[in-house]
Number of protein chains: 6
Amino acid sequence: MHAFTEEMELLAPSALAEEFDAGRIGLVVEGKEEITKICCALDATLSVVRTAAASGADMLVVHHTPLWKPVTALTGPTAELMREILSARLNVYVMHTNFDRAAGGVNDALCELLLLSDCRPMTHLGAIGTCTLDIPGIAHRLGGSLRVWGNLTSCRNLAVVAGSGFDPEFISEAFTLGADAFLSAEMKHSVARAAPVPCIESTHYALEAPAMKRLAGQNGWQYIDDPPKLSVYP
Amino acid sequence: MHAFTEEMELLAPSALAEEFDAGRIGLVVEGKEEITKICCALDATLSVVRTAAASGADMLVVHHTPLWKPVTALTGPTAELMREILSARLNVYVMHTNFDRAAGGVNDALCELLLLSDCRPMTHLGAIGTCTLDIPGIAHRLGGSLRVWGNLTSCRNLAVVAGSGFDPEFISEAFTLGADAFLSAEMKHSVARAAPVPCIESTHYALEAPAMKRLAGQNGWQYIDDPPKLSVYP
Amino acid sequence: MHAFTEEMELLAPSALAEEFDAGRIGLVVEGKEEITKICCALDATLSVVRTAAASGADMLVVHHTPLWKPVTALTGPTAELMREILSARLNVYVMHTNFDRAAGGVNDALCELLLLSDCRPMTHLGAIGTCTLDIPGIAHRLGGSLRVWGNLTSCRNLAVVAGSGFDPEFISEAFTLGADAFLSAEMKHSVARAAPVPCIESTHYALEAPAMKRLAGQNGWQYIDDPPKLSVYP
Amino acid sequence: MHAFTEEMELLAPSALAEEFDAGRIGLVVEGKEEITKICCALDATLSVVRTAAASGADMLVVHHTPLWKPVTALTGPTAELMREILSARLNVYVMHTNFDRAAGGVNDALCELLLLSDCRPMTHLGAIGTCTLDIPGIAHRLGGSLRVWGNLTSCRNLAVVAGSGFDPEFISEAFTLGADAFLSAEMKHSVARAAPVPCIESTHYALEAPAMKRLAGQNGWQYIDDPPKLSVYP
Amino acid sequence: MHAFTEEMELLAPSALAEEFDAGRIGLVVEGKEEITKICCALDATLSVVRTAAASGADMLVVHHTPLWKPVTALTGPTAELMREILSARLNVYVMHTNFDRAAGGVNDALCELLLLSDCRPMTHLGAIGTCTLDIPGIAHRLGGSLRVWGNLTSCRNLAVVAGSGFDPEFISEAFTLGADAFLSAEMKHSVARAAPVPCIESTHYALEAPAMKRLAGQNGWQYIDDPPKLSVYP
Amino acid sequence: MHAFTEEMELLAPSALAEEFDAGRIGLVVEGKEEITKICCALDATLSVVRTAAASGADMLVVHHTPLWKPVTALTGPTAELMREILSARLNVYVMHTNFDRAAGGVNDALCELLLLSDCRPMTHLGAIGTCTLDIPGIAHRLGGSLRVWGNLTSCRNLAVVAGSGFDPEFISEAFTLGADAFLSAEMKHSVARAAPVPCIESTHYALEAPAMKRLAGQNGWQYIDDPPKLSVYP
């Protein structure tokens with residue numbers, strides 16, 4: 001466990017994390033001391049945990065902690081999830097905003113997936129680079145539909161922020177850096193209204209899961225995919 | 001002006017508003033004292049304001065205030081917008097969460113648009129009723145595409161919350177009331193993950209603008225439509 | 001479970017609890033839905049939980065919650081304790097300050113144990129009554145040694161507050177009500193210095209466990225005793 | 001505009017400002033991009049703004065921001081003032097506590113006006129120096145009447161704080177530095193009662209306006225005087 | 001003492017006090033239990049306390065508490081003052097905002113002094129009435145000079161707030177009630193700038209001391225006058 | 001006084017104090033300027049103050065301030081105590097957490113009293129060292145009875161924190177440093193339950209008074225002992 005923890009600190013130093021992640025990253029559920037098999041996923045859903053346990057894993061590495069809001073009770077779905085994890089003596093290790101920012105982390109994986117070149121990191125989160133794909137091409141690489149806000153005429157200079165990154169300050173920086181478009185997830189009406197560049201809205205899962213999959217591949221861990229079911233009409 | 005304000009109080013009593021709306025509803029920009037022509041829109045965008053001013057209006061009734069965040073400076077787009085409004089001596093009157101909850105307000109207009117029957121209000125916001133439309137039918141009535149989260153098999157008992165209403169507490173109440181689906185805007189990944197009912201995601205504009213249009217029609221005001229440009233790929 | 005919860009509400013209405021107990025009383029760990037065997041203890045220690053689980057219990061009623069401080073991680077002793085509870089599908093139900101104040105609750109049980117007569121409740125917590133025991137007699141009934149602060153000449157009018165009740169305000173009220181002595185646990189130097197009446201210091205366990213034992217006896221539950229090991233020198 | 005802003009930063013670096021001035025100094029109302037004519041005043045009153053606009057100015061430099069309290073509405077006198085400013089495309093630039101402390105700023109101008117020699121700055125605000133004027137002489141230079149609190153026998157060592165500077169801590173420092181008298185504005189009863197040195201009370205305008213006039217003179221700007229009307233009886 | 005306290009509660013019920021007066025009114029320094037001689041003053045200055053002690057008083061009734069800011073140390077002038085009070089076993093009893101509002105209290109005494117007729121109380125503090133005096137007449141009755149802000153043409157409808165009452169909200173109410181002028185103490189530049197009615201500035205002492213003198217007279221107590229020394233130049 | 005204060009700063013630098021001691025250490029009651037006789041005690045009780053005053057002392061050095069909670073009134077026992085101190089013109093000087101941590105301070109004196117060798121300070125407070133005494137030996141040196149929580153088999157490696165030091169974080173550090181036992185005062189039930197090492201509970205007075213006695217001896221001051229009366233039953 002100690003060796004594993006040290007290795008993770010190298011991959012995603014906790015000092016890179018946002019302040020709100022204090023107490024919510026690293027080992028958030030403690031299981032067996034010895035680590036022999038490691039699984040990896042975006043979220044510690046009940047389905048992911050069951051798959052990991054069934055496969056004999058001792059460690060599950062995820063991006064989103066299953067205990068975000070501090071609790072003084074374990075009831076309902078949380079009790080069920082924690083029972084599954086603790087009974088299996090599965091460890092759960094979280095790398096969140098520290099992995100968003102880490103070299104080779106969430107945003108880097110997204111740039112790689114979209115074949116961006118000349119990538120430069122932005123101040124807070126995300127990166128900007130040269131994109132040779134068009135919108136259908138981006139949608140194809142991300143594996144899902146996209147919503148485009150505004151008059152998009154080009155996405156050659158593309159700013160990307162994996163996760164929920166439509167922050168007016170981030171968009172403003174992208175604009176200053178010459179972005180033609182800003183790709184992220186979870187757009188709000190008021191933000192779209194005021195955005196100085198066209199915005200491409202994908203989903204949290206589509207933008208972040210590739211990083212976990214890539215991480216699993218690089219380390220020989222088992223990746224467990226569990227996308228939320230999403231359909232578009234018409 | 002006094003008569004107008006009294007009439008508005010009847011339509012959307014300020015006592016119905018959320019606490020966070022204090023100081024953000026009613027007359028938020030003061031222009032001419034005498035009101036002869038009234039326009040109505042969802043947002044006080046620059047384009048809406050110019051149209052209203054060009055039409056000779058003295059009053060613009062909107063759902064979203066153009067001064068949400070308290071300011072100690074008027075610069076950039078805010079300065080431009082306020083110059084346009086003040087120079088034209090246009091009044092801006094906001095009805096926000098008070099109109100969401102008012103009889104004949106935003107949620108009622110949405111129920112009507114979706115032809116819901118047996119509508120009952122929910123505790124915080126929104127309503128639940130019987131829906132005879134299917135998803136393509138709902139999309140058609142709302143005039144735009146929809147994203148559906150989860151396995152939707154029926155939307156006969158439909159809970160609706162106009163605006164950004166995917167609050168876990170609201171969804172939980174809808175579930176308890178027997179909803180088959182929950183329609184609102186601006187879904188977040190973590191909320192979708194934990195939702196006990198399938199969720200139908202439209203947009204803020206599609207869900208709220210109908211109420212303003214209906215209000216304009218009922219009062220003989222000029223309605224100014226200004227939807228954000230949104231395209232879906234592929 | 002529903003019937004059990006209703007019965008508990010009658011025994012110790014949650015409306016009697018202090019505000020700081022919000023979210024920390026009632027069902028704090030959720031296990032099996034059906035309740036067939038109930039155990040009872042003062043604290044949900046690892047030893048108590050193991051005894052309860054080994055006896056086939058589905059419910060453990062305790063006075064002190066095992067999750068006082070809100071957590072965003074389950075590690076160390078907390079992980080171990082929660083694993084034991086959740087794996088056994090044991091429910092944990094807490095009655096804290098609501099049971100302190102309830103009729104037949106913690107303070108009433110203490111009065112009964114000390115054979116106090118003419119007991120009257122005090123404003124915040126505890127009671128005052130006529131005591132016919134002397135200090136050795138009180139020590140004997142409580143089953144442990146006592147520390148007496150100040151010049152105790154009589155304990156005929158005895159004020160008692162089960163738990164950690166040496167609050168200056170409580171002592172002051174007892175003084176006003178004519179108490180000769182004030183019995184509670186966990187005395188602080190500054191409080192002893194300023195106390196207007198002599199104070200008898202017992203322990204949290206000695207003062208509160210009797211109420212849980214009595215509760216178990218009245219309801220036919222199994223009581224699990226687990227006093228902290230305490231020795232006095234010389 | 002950019003050149004103007006840089007020059008102002010040299011005159012009154014924003015890093016010198018108090019924390020409460022955050023967001024309230026610099027460009028607080030944005031007008032024309034190109035600056036050809038500059039006016040200067042203590043306050044951006046309606047009268048000052050009209051004079052500036054009538055003179056064809058693009059920029060008004062003031063000491064006190066017209067938007068101190070954060071607003072979510074522009075109504076009444078604020079709407080009227082902002083309409084006047086925005087319609088004229090006048091820029092408003094504020095230098096407040098940064099100019100109080102700047103070399104050649106508000107307190108320096110006051111020392112100069114009162115012909116103080118050997119001026120040393122005090123820790124927080126203001127300065128102390130040798131004064132050769134008597135009270136009528138000071139009143140004459142300040143152009144208005146004075147109120148003197150306490151037994152003033154000399155004002156040779158005079159401490160001055162432009163604006164509302166009767167802070168017990170400031171007065172105490174002046175006393176320690178050997179001041180015979182303390183000159184500022186807006187005395188409070190409790191402060192006067194406890195003051196260890198006699199206090200000379202002038203007005204905010206009399207103490208601060210000279211600095212703005214001097215600034216205008218040095219830069220070739222038009223100074224607009226607009227003192228509040230004040231009469232003394234009997 | 002008990003009888004005295006009850007009588008004071010009738011004169012100035014503590015329920016009338018502002019929230020900020022909690023812990024700062026009533027008996028703030030405790031001396032002798034038996035009250036035989038009572039003195040009264042506006043402030044508990046060292047000079048007042050010495051006079052009271054020398055006269056053999058056991059009780060000093062004042063408007064302003066000598067311990068406004070909570071203290072964890074008694075040093076400097078506070079130590080000196082408290083030594084004087086405690087050594088003399090003098091009680092100090094404070095009636096502050098409760099006496100401002102009480103019938104026959106500070107504001108009523110001011111109205112009486114100024115011979116106002118048809119006095120009506122204002123919402124928060126102070127009163128408005130018909131005044132037959134002119135400015136020199138008011139100055140004469142108050143026994144000191146006045147500063148007048150704005151163009152005062154009449155003071156027939158006069159609003160008065162004893163103490164430091166130039167609150168924009170109070171002035172605005174006075175304006176709505178038809179006041180020609182607003183009399184109070186401790187004017188601030190920004191308030192004077194925005195005031196919708198001309199303001200007459202007297203001093204805290206001149207406006208409040210009459211009420212304490214009147215109270216002493218009504219109850220046969222010794223009144224101790226101790227005005228701050230104030231001179232006006234030129 | 002100035003020389004005395006400087007000497008005290010050397011003995012117990014105020015920079016060593018906890019933040020909560022701000023305003024509660026150093027000179028907390030000011031008496032005579034000239035210091036000729038100094039007394040020393042743990043607490044400034046009424047009895048201690050009377051003894052000091054009767055002995056003609058001008059200065060009383062204590063560990064615990066008599067004005068912990070900020071006051072806006074001096075009534076009851078506080079009035080009585082302050083009257084005694086101020087009338088005697090006695091100065092009261094407090095050294096609290098700064099003296100806990102100072103070289104030769106409270107924790108050092110305790111280590112010395114218990115004959116600990118190889119003492120190393122702990123991070124926050126207290127020290128750990130080698131102890132050759134057994135429990136009765138420790139009780140004898142501390143001059144009172146002890147309560148031992150847990151299964152104490154050895155106290156060779158003894159961690160000590162004078163005062164109320166049973167903080168879970170402190171105990172945890174002691175455990176990490178290899179402590180066999182942890183000695184302090186004022187144990188709480190929940191802390192004892194979770195402690196990873198056996199805990200020895202003495203009293204605040206027994207652990208801290210030796211340091212004040214030692215300080216008095218080293219400086220030729222009069223030490224005034226005033227232990228709270230404490231008896232153990234049976």
# chains A, B, ... in the order shown; residues from 1 in each chain; ligands from 1
call {"tool": "calpha_fit_rmsd", "arguments": {"fixed": "chain D", "moving": "chain A"}}
result
0.1 Å
call {"tool": "select_by_dssp", "arguments": {"residues": "segment 16-228 of chain C", "states": "strand (DSSP E)", "output": "number ranges by chain"}}
result
C: 26-29, 38-40, 59-62, 91-94, 117-121, 127-130, 146-149, 157-160, 181-185, 199-202, 222-223
call {"tool": "interface_residues", "arguments": {"of": "chain C", "to": "chain F", "cutoff": "6 Å", "atoms": "only C-alpha atoms", "output": "list in words"}}
result
Pro136, Ser145, Leu146, Arg147, Val148, Trp149, Gly150, Lys229, Leu230, Ser231, Val232, Tyr233 and Pro234 of chain C
call {"tool": "residues_around", "arguments": {"residues": "segment 72-76 of chain C", "least_positions_apart": "3", "cutoff": "10 Å", "atoms": "only C-alpha atoms", "output": "PDB file with N, CA, C and O atoms, in the first residue's frame"}}
result
ATOM      1  N   ALA A  22      -9.562  19.011  -0.188  1.00  0.00           N
ATOM      2  CA  ALA A  22      -8.908  18.586   1.064  1.00  0.00           C
ATOM      3  C   ALA A  22      -9.763  17.543   1.778  1.00  0.00           C
ATOM      4  O   ALA A  22     -10.947  17.767   2.022  1.00  0.00           O
ATOM      5  N   GLY A  23      -9.185  16.379   2.074  1.00  0.00           N
ATOM      6  CA  GLY A  23      -9.908  15.307   2.754  1.00  0.00           C
ATOM      7  C   GLY A  23     -10.733  14.457   1.809  1.00  0.00           C
ATOM      8  O   GLY A  23     -11.398  13.513   2.232  1.00  0.00           O
ATOM      9  N   ARG A  24     -10.713  14.785   0.515  1.00  0.00           N
ATOM     10  CA  ARG A  24     -11.564  14.075  -0.459  1.00  0.00           C
ATOM     11  C   ARG A  24     -10.732  13.377  -1.532  1.00  0.00           C
ATOM     12  O   ARG A  24     -11.283  12.856  -2.488  1.00  0.00           O
ATOM     13  N   ILE A  25      -9.419  13.434  -1.427  1.00  0.00           N
ATOM     14  CA  ILE A  25      -8.575  12.698  -2.382  1.00  0.00           C
ATOM     15  C   ILE A  25      -7.666  11.745  -1.604  1.00  0.00           C
ATOM     16  O   ILE A  25      -7.633  11.764  -0.387  1.00  0.00           O
ATOM     17  N   GLY A  26      -6.939  10.910  -2.365  1.00  0.00           N
ATOM     18  CA  GLY A  26      -6.095   9.896  -1.723  1.00  0.00           C
ATOM     19  C   GLY A  26      -6.953   8.709  -1.311  1.00  0.00           C
ATOM     20  O   GLY A  26      -7.980   8.415  -1.949  1.00  0.00           O
ATOM     21  N   LEU A  27      -6.560   8.032  -0.242  1.00  0.00           N
ATOM     22  CA  LEU A  27      -7.277   6.844   0.212  1.00  0.00           C
ATOM     23  C   LEU A  27      -8.537   7.249   0.955  1.00  0.00           C
ATOM     24  O   LEU A  27      -8.480   7.676   2.104  1.00  0.00           O
ATOM     25  N   VAL A  28      -9.701   7.109   0.326  1.00  0.00           N
ATOM     26  CA  VAL A  28     -10.929   7.556   0.989  1.00  0.00           C
ATOM     27  C   VAL A  28     -11.723   6.404   1.608  1.00  0.00           C
ATOM     28  O   VAL A  28     -12.591   6.632   2.450  1.00  0.00           O
ATOM     29  N   VAL A  29     -11.471   5.189   1.159  1.00  0.00           N
ATOM     30  CA  VAL A  29     -11.994   4.021   1.889  1.00  0.00           C
ATOM     31  C   VAL A  29     -10.837   3.045   2.027  1.00  0.00           C
ATOM     32  O   VAL A  29     -10.157   2.729   1.039  1.00  0.00           O
ATOM     33  N   GLU A  30     -10.630   2.578   3.255  1.00  0.00           N
ATOM     34  CA  GLU A  30      -9.475   1.719   3.524  1.00  0.00           C
ATOM     35  C   GLU A  30      -9.876   0.252   3.596  1.00  0.00           C
ATOM     36  O   GLU A  30     -10.792  -0.117   4.317  1.00  0.00           O
ATOM     37  N   GLY A  31      -9.191  -0.589   2.802  1.00  0.00           N
ATOM     38  CA  GLY A  31      -9.460  -2.030   2.787  1.00  0.00           C
ATOM     39  C   GLY A  31      -8.211  -2.813   3.180  1.00  0.00           C
ATOM     40  O   GLY A  31      -7.587  -2.499   4.189  1.00  0.00           O
ATOM     41  N   THR A  65     -14.755  11.019  -5.868  1.00  0.00           N
ATOM     42  CA  THR A  65     -14.937  10.334  -4.592  1.00  0.00           C
ATOM     43  C   THR A  65     -16.390   9.929  -4.387  1.00  0.00           C
ATOM     44  O   THR A  65     -17.297  10.679  -4.769  1.00  0.00           O
ATOM     45  N   PRO A  66     -16.634   8.781  -3.783  1.00  0.00           N
ATOM     46  CA  PRO A  66     -18.020   8.392  -3.471  1.00  0.00           C
ATOM     47  C   PRO A  66     -18.535   9.063  -2.196  1.00  0.00           C
ATOM     48  O   PRO A  66     -19.678   8.866  -1.828  1.00  0.00           O
ATOM     49  N   LEU A  67     -17.709   9.867  -1.505  1.00  0.00           N
ATOM     50  CA  LEU A  67     -18.130  10.528  -0.251  1.00  0.00           C
ATOM     51  C   LEU A  67     -17.882  12.030  -0.335  1.00  0.00           C
ATOM     52  O   LEU A  67     -17.127  12.591   0.462  1.00  0.00           O
ATOM     53  N   TRP A  68     -18.494  12.694  -1.299  1.00  0.00           N
ATOM     54  CA  TRP A  68     -18.215  14.116  -1.477  1.00  0.00           C
ATOM     55  C   TRP A  68     -18.718  14.951  -0.293  1.00  0.00           C
ATOM     56  O   TRP A  68     -17.969  15.655   0.357  1.00  0.00           O
ATOM     57  N   LYS A  69     -19.996  14.859  -0.033  1.00  0.00           N
ATOM     58  CA  LYS A  69     -20.611  15.610   1.069  1.00  0.00           C
ATOM     59  C   LYS A  69     -20.273  14.899   2.373  1.00  0.00           C
ATOM     60  O   LYS A  69     -20.482  13.702   2.495  1.00  0.00           O
ATOM     61  N   PRO A  70     -19.737  15.622   3.368  1.00  0.00           N
ATOM     62  CA  PRO A  70     -19.393  14.969   4.638  1.00  0.00           C
ATOM     63  C   PRO A  70     -20.626  14.312   5.265  1.00  0.00           C
ATOM     64  O   PRO A  70     -21.698  14.915   5.276  1.00  0.00           O
ATOM     65  N   VAL A  71     -20.468  13.088   5.769  1.00  0.00           N
ATOM     66  CA  VAL A  71     -21.634  12.374   6.307  1.00  0.00           C
ATOM     67  C   VAL A  71     -21.505  12.088   7.804  1.00  0.00           C
ATOM     68  O   VAL A  71     -20.414  11.889   8.320  1.00  0.00           O
ATOM     69  N   THR A  72     -22.654  12.100   8.488  1.00  0.00           N
ATOM     70  CA  THR A  72     -22.726  11.658   9.881  1.00  0.00           C
ATOM     71  C   THR A  72     -23.630  10.430   9.973  1.00  0.00           C
ATOM     72  O   THR A  72     -24.014  10.025  11.065  1.00  0.00           O
ATOM     73  N   MET A  82     -21.098   1.513   0.509  1.00  0.00           N
ATOM     74  CA  MET A  82     -20.012   1.329   1.464  1.00  0.00           C
ATOM     75  C   MET A  82     -19.968  -0.124   1.960  1.00  0.00           C
ATOM     76  O   MET A  82     -18.898  -0.662   2.188  1.00  0.00           O
ATOM     77  N   LEU A  86     -16.539  -2.078   1.683  1.00  0.00           N
ATOM     78  CA  LEU A  86     -15.874  -2.498   2.922  1.00  0.00           C
ATOM     79  C   LEU A  86     -15.886  -4.022   3.071  1.00  0.00           C
ATOM     80  O   LEU A  86     -14.873  -4.622   3.462  1.00  0.00           O
ATOM     81  N   ASN A  91      -9.904  -1.211  -1.335  1.00  0.00           N
ATOM     82  CA  ASN A  91      -9.467   0.152  -1.094  1.00  0.00           C
ATOM     83  C   ASN A  91     -10.007   1.051  -2.210  1.00  0.00           C
ATOM     84  O   ASN A  91     -10.078   0.613  -3.363  1.00  0.00           O
ATOM     85  N   VAL A  92     -10.371   2.286  -1.888  1.00  0.00           N
ATOM     86  CA  VAL A  92     -10.754   3.241  -2.928  1.00  0.00           C
ATOM     87  C   VAL A  92      -9.809   4.440  -2.830  1.00  0.00           C
ATOM     88  O   VAL A  92      -9.663   5.050  -1.772  1.00  0.00           O
TER      89      VAL A  92
ATOM     90  N   LYS C  69     -18.091  13.279  14.136  1.00  0.00           N
ATOM     91  CA  LYS C  69     -17.490  14.257  13.236  1.00  0.00           C
ATOM     92  C   LYS C  69     -17.835  13.854  11.797  1.00  0.00           C
ATOM     93  O   LYS C  69     -17.622  12.709  11.415  1.00  0.00           O
ATOM     94  N   ALA C  79     -13.080   2.784   9.518  1.00  0.00           N
ATOM     95  CA  ALA C  79     -13.308   1.815   8.439  1.00  0.00           C
ATOM     96  C   ALA C  79     -13.557   0.428   9.040  1.00  0.00           C
ATOM     97  O   ALA C  79     -14.474  -0.290   8.620  1.00  0.00           O
ATOM     98  N   GLU C  80     -12.754   0.079  10.028  1.00  0.00           N
ATOM     99  CA  GLU C  80     -12.889  -1.232  10.647  1.00  0.00           C
ATOM    100  C   GLU C  80     -14.263  -1.383  11.305  1.00  0.00           C
ATOM    101  O   GLU C  80     -14.949  -2.398  11.138  1.00  0.00           O
ATOM    102  N   LEU C  81     -14.665  -0.365  12.037  1.00  0.00           N
ATOM    103  CA  LEU C  81     -15.945  -0.409  12.728  1.00  0.00           C
ATOM    104  C   LEU C  81     -17.100  -0.470  11.729  1.00  0.00           C
ATOM    105  O   LEU C  81     -18.034  -1.265  11.873  1.00  0.00           O
ATOM    106  N   MET C  82     -17.047   0.362  10.699  1.00  0.00           N
ATOM    107  CA  MET C  82     -18.137   0.396   9.713  1.00  0.00           C
ATOM    108  C   MET C  82     -18.193  -0.902   8.919  1.00  0.00           C
ATOM    109  O   MET C  82     -19.268  -1.378   8.570  1.00  0.00           O
ATOM    110  N   ARG C  83     -17.022  -1.484   8.623  1.00  0.00           N
ATOM    111  CA  ARG C  83     -17.010  -2.776   7.917  1.00  0.00           C
ATOM    112  C   ARG C  83     -17.749  -3.826   8.736  1.00  0.00           C
ATOM    113  O   ARG C  83     -18.580  -4.572   8.224  1.00  0.00           O
TER     114      ARG C  83
END
call {"tool": "residues_around", "arguments": {"residues": "segment 96-108 of chain F", "least_positions_apart": "4", "cutoff": "6 Å", "atoms": "only C-alpha atoms", "output": "MDAnalysis selection string"}}
result
chainID F and resid 12 14 16:17 63 126 162 211
call {"tool": "select_by_dssp", "arguments": {"residues": "segment 15-220 of chain C", "states": "helix (DSSP H, G or I)", "output": "MDAnalysis selection string"}}
result
chainID C and resid 15:16 19:21 46:54 76:87 97:101 106:113 135:142 168:176 189:194 204:219
call {"tool": "write_last_selection", "arguments": {"atoms": "C-alpha atoms", "output": "CSV table (one decimal), in the first residue's frame"}}
result
chain,number,residue,atom,x,y,z
C,15,ALA,CA,-37.7,17.1,18.9
C,16,LEU,CA,-36.1,17.0,22.4
C,19,GLU,CA,-29.5,21.4,17.7
C,20,PHE,CA,-26.0,20.0,17.4
C,21,ASP,CA,-27.5,16.5,17.3
C,46,LEU,CA,-15.9,-2.6,18.0
C,47,SER,CA,-16.3,-5.0,20.9
C,48,VAL,CA,-20.0,-4.2,21.3
C,49,VAL,CA,-20.6,-4.4,17.6
C,50,ARG,CA,-18.9,-7.8,17.4
C,51,THR,CA,-21.0,-9.1,20.3
C,52,ALA,CA,-24.2,-7.8,18.8
C,53,ALA,CA,-23.4,-9.3,15.4
C,54,ALA,CA,-22.3,-12.7,16.9
C,76,GLY,CA,-8.4,3.4,10.2
C,77,PRO,CA,-10.6,2.4,13.2
C,78,THR,CA,-13.7,4.0,11.5
C,79,ALA,CA,-13.3,1.8,8.4
C,80,GLU,CA,-12.9,-1.2,10.6
C,81,LEU,CA,-15.9,-0.4,12.7
C,82,MET,CA,-18.1,0.4,9.7
C,83,ARG,CA,-17.0,-2.8,7.9
C,84,GLU,CA,-18.1,-4.8,11.0
C,85,ILE,CA,-21.5,-3.1,11.2
C,86,LEU,CA,-22.3,-3.0,7.4
C,87,SER,CA,-21.1,-6.5,6.7
C,97,THR,CA,-29.7,14.4,24.0
C,98,ASN,CA,-33.3,13.4,23.2
C,99,PHE,CA,-33.0,10.4,25.5
C,100,ASP,CA,-31.1,12.6,28.1
C,101,ARG,CA,-34.3,14.6,28.4
C,106,VAL,CA,-30.9,9.0,31.0
C,107,ASN,CA,-31.4,11.5,33.8
C,108,ASP,CA,-34.4,9.8,35.2
C,109,ALA,CA,-32.6,6.5,35.3
C,110,LEU,CA,-29.8,8.1,37.2
C,111,CYS,CA,-32.2,9.6,39.7
C,112,GLU,CA,-33.8,6.2,40.2
C,113,LEU,CA,-30.4,4.5,40.6
C,135,ILE,CA,-20.7,9.8,49.3
C,136,PRO,CA,-19.6,6.2,49.8
C,137,GLY,CA,-23.2,5.2,49.2
C,138,ILE,CA,-23.3,7.1,45.9
C,139,ALA,CA,-20.0,5.7,44.9
C,140,HIS,CA,-21.3,2.2,45.6
C,141,ARG,CA,-24.4,2.6,43.6
C,142,LEU,CA,-22.5,4.1,40.7
C,168,PRO,CA,-21.3,26.9,34.9
C,169,GLU,CA,-24.9,27.8,34.0
C,170,PHE,CA,-26.2,24.4,35.1
C,171,ILE,CA,-24.3,24.6,38.4
C,172,SER,CA,-25.5,28.1,38.9
C,173,GLU,CA,-29.1,27.0,38.5
C,174,ALA,CA,-28.6,24.1,40.9
C,175,PHE,CA,-27.2,26.6,43.5
C,176,THR,CA,-30.2,28.8,43.1
C,189,HIS,CA,-10.2,23.3,36.5
C,190,SER,CA,-11.7,26.7,35.8
C,191,VAL,CA,-15.3,25.4,36.4
C,192,ALA,CA,-14.4,23.8,39.7
C,193,ARG,CA,-12.7,27.1,40.7
C,194,ALA,CA,-15.8,29.1,40.2
C,204,HIS,CA,-19.6,9.5,31.7
C,205,TYR,CA,-20.0,5.8,31.6
C,206,ALA,CA,-21.0,5.3,35.3
C,207,LEU,CA,-23.7,8.0,34.9
C,208,GLU,CA,-25.2,7.1,31.6
C,209,ALA,CA,-24.8,3.3,31.1
C,210,PRO,CA,-27.5,2.6,33.7
C,211,ALA,CA,-30.1,4.2,31.5
C,212,MET,CA,-29.2,2.0,28.6
C,213,LYS,CA,-29.3,-1.1,30.7
C,214,ARG,CA,-32.7,-0.1,32.1
C,215,LEU,CA,-34.0,0.6,28.6
C,216,ALA,CA,-32.9,-2.9,27.5
C,217,GLY,CA,-34.5,-4.5,30.5
C,218,GLN,CA,-37.8,-2.7,29.9
C,219,ASN,CA,-38.0,-3.8,26.2
call {"tool": "atom_distance", "arguments": {"atom1": "atom CA of Ala179 of chain B", "atom2": "atom CA of Glu33 of chain C"}}
result
24.5 Å
call {"tool": "residues_around", "arguments": {"residues": "Leu177 of chain C", "least_positions_apart": "3", "cutoff": "12 Å", "atoms": "only C-alpha atoms", "output": "ChimeraX atom specification"}}
result
/C:119-123,127-129,157-159,170-174,180-182,196-197
call {"tool": "atom_distance", "arguments": {"atom1": "atom CA of Leu133 of chain D", "atom2": "atom CA of Ser202 of chain E"}}
result
27.4 Å
call {"tool": "atom_distance", "arguments": {"atom1": "atom CA of Arg89 of chain F", "atom2": "atom CA of Lys32 of chain E"}}
result
20.4 Å
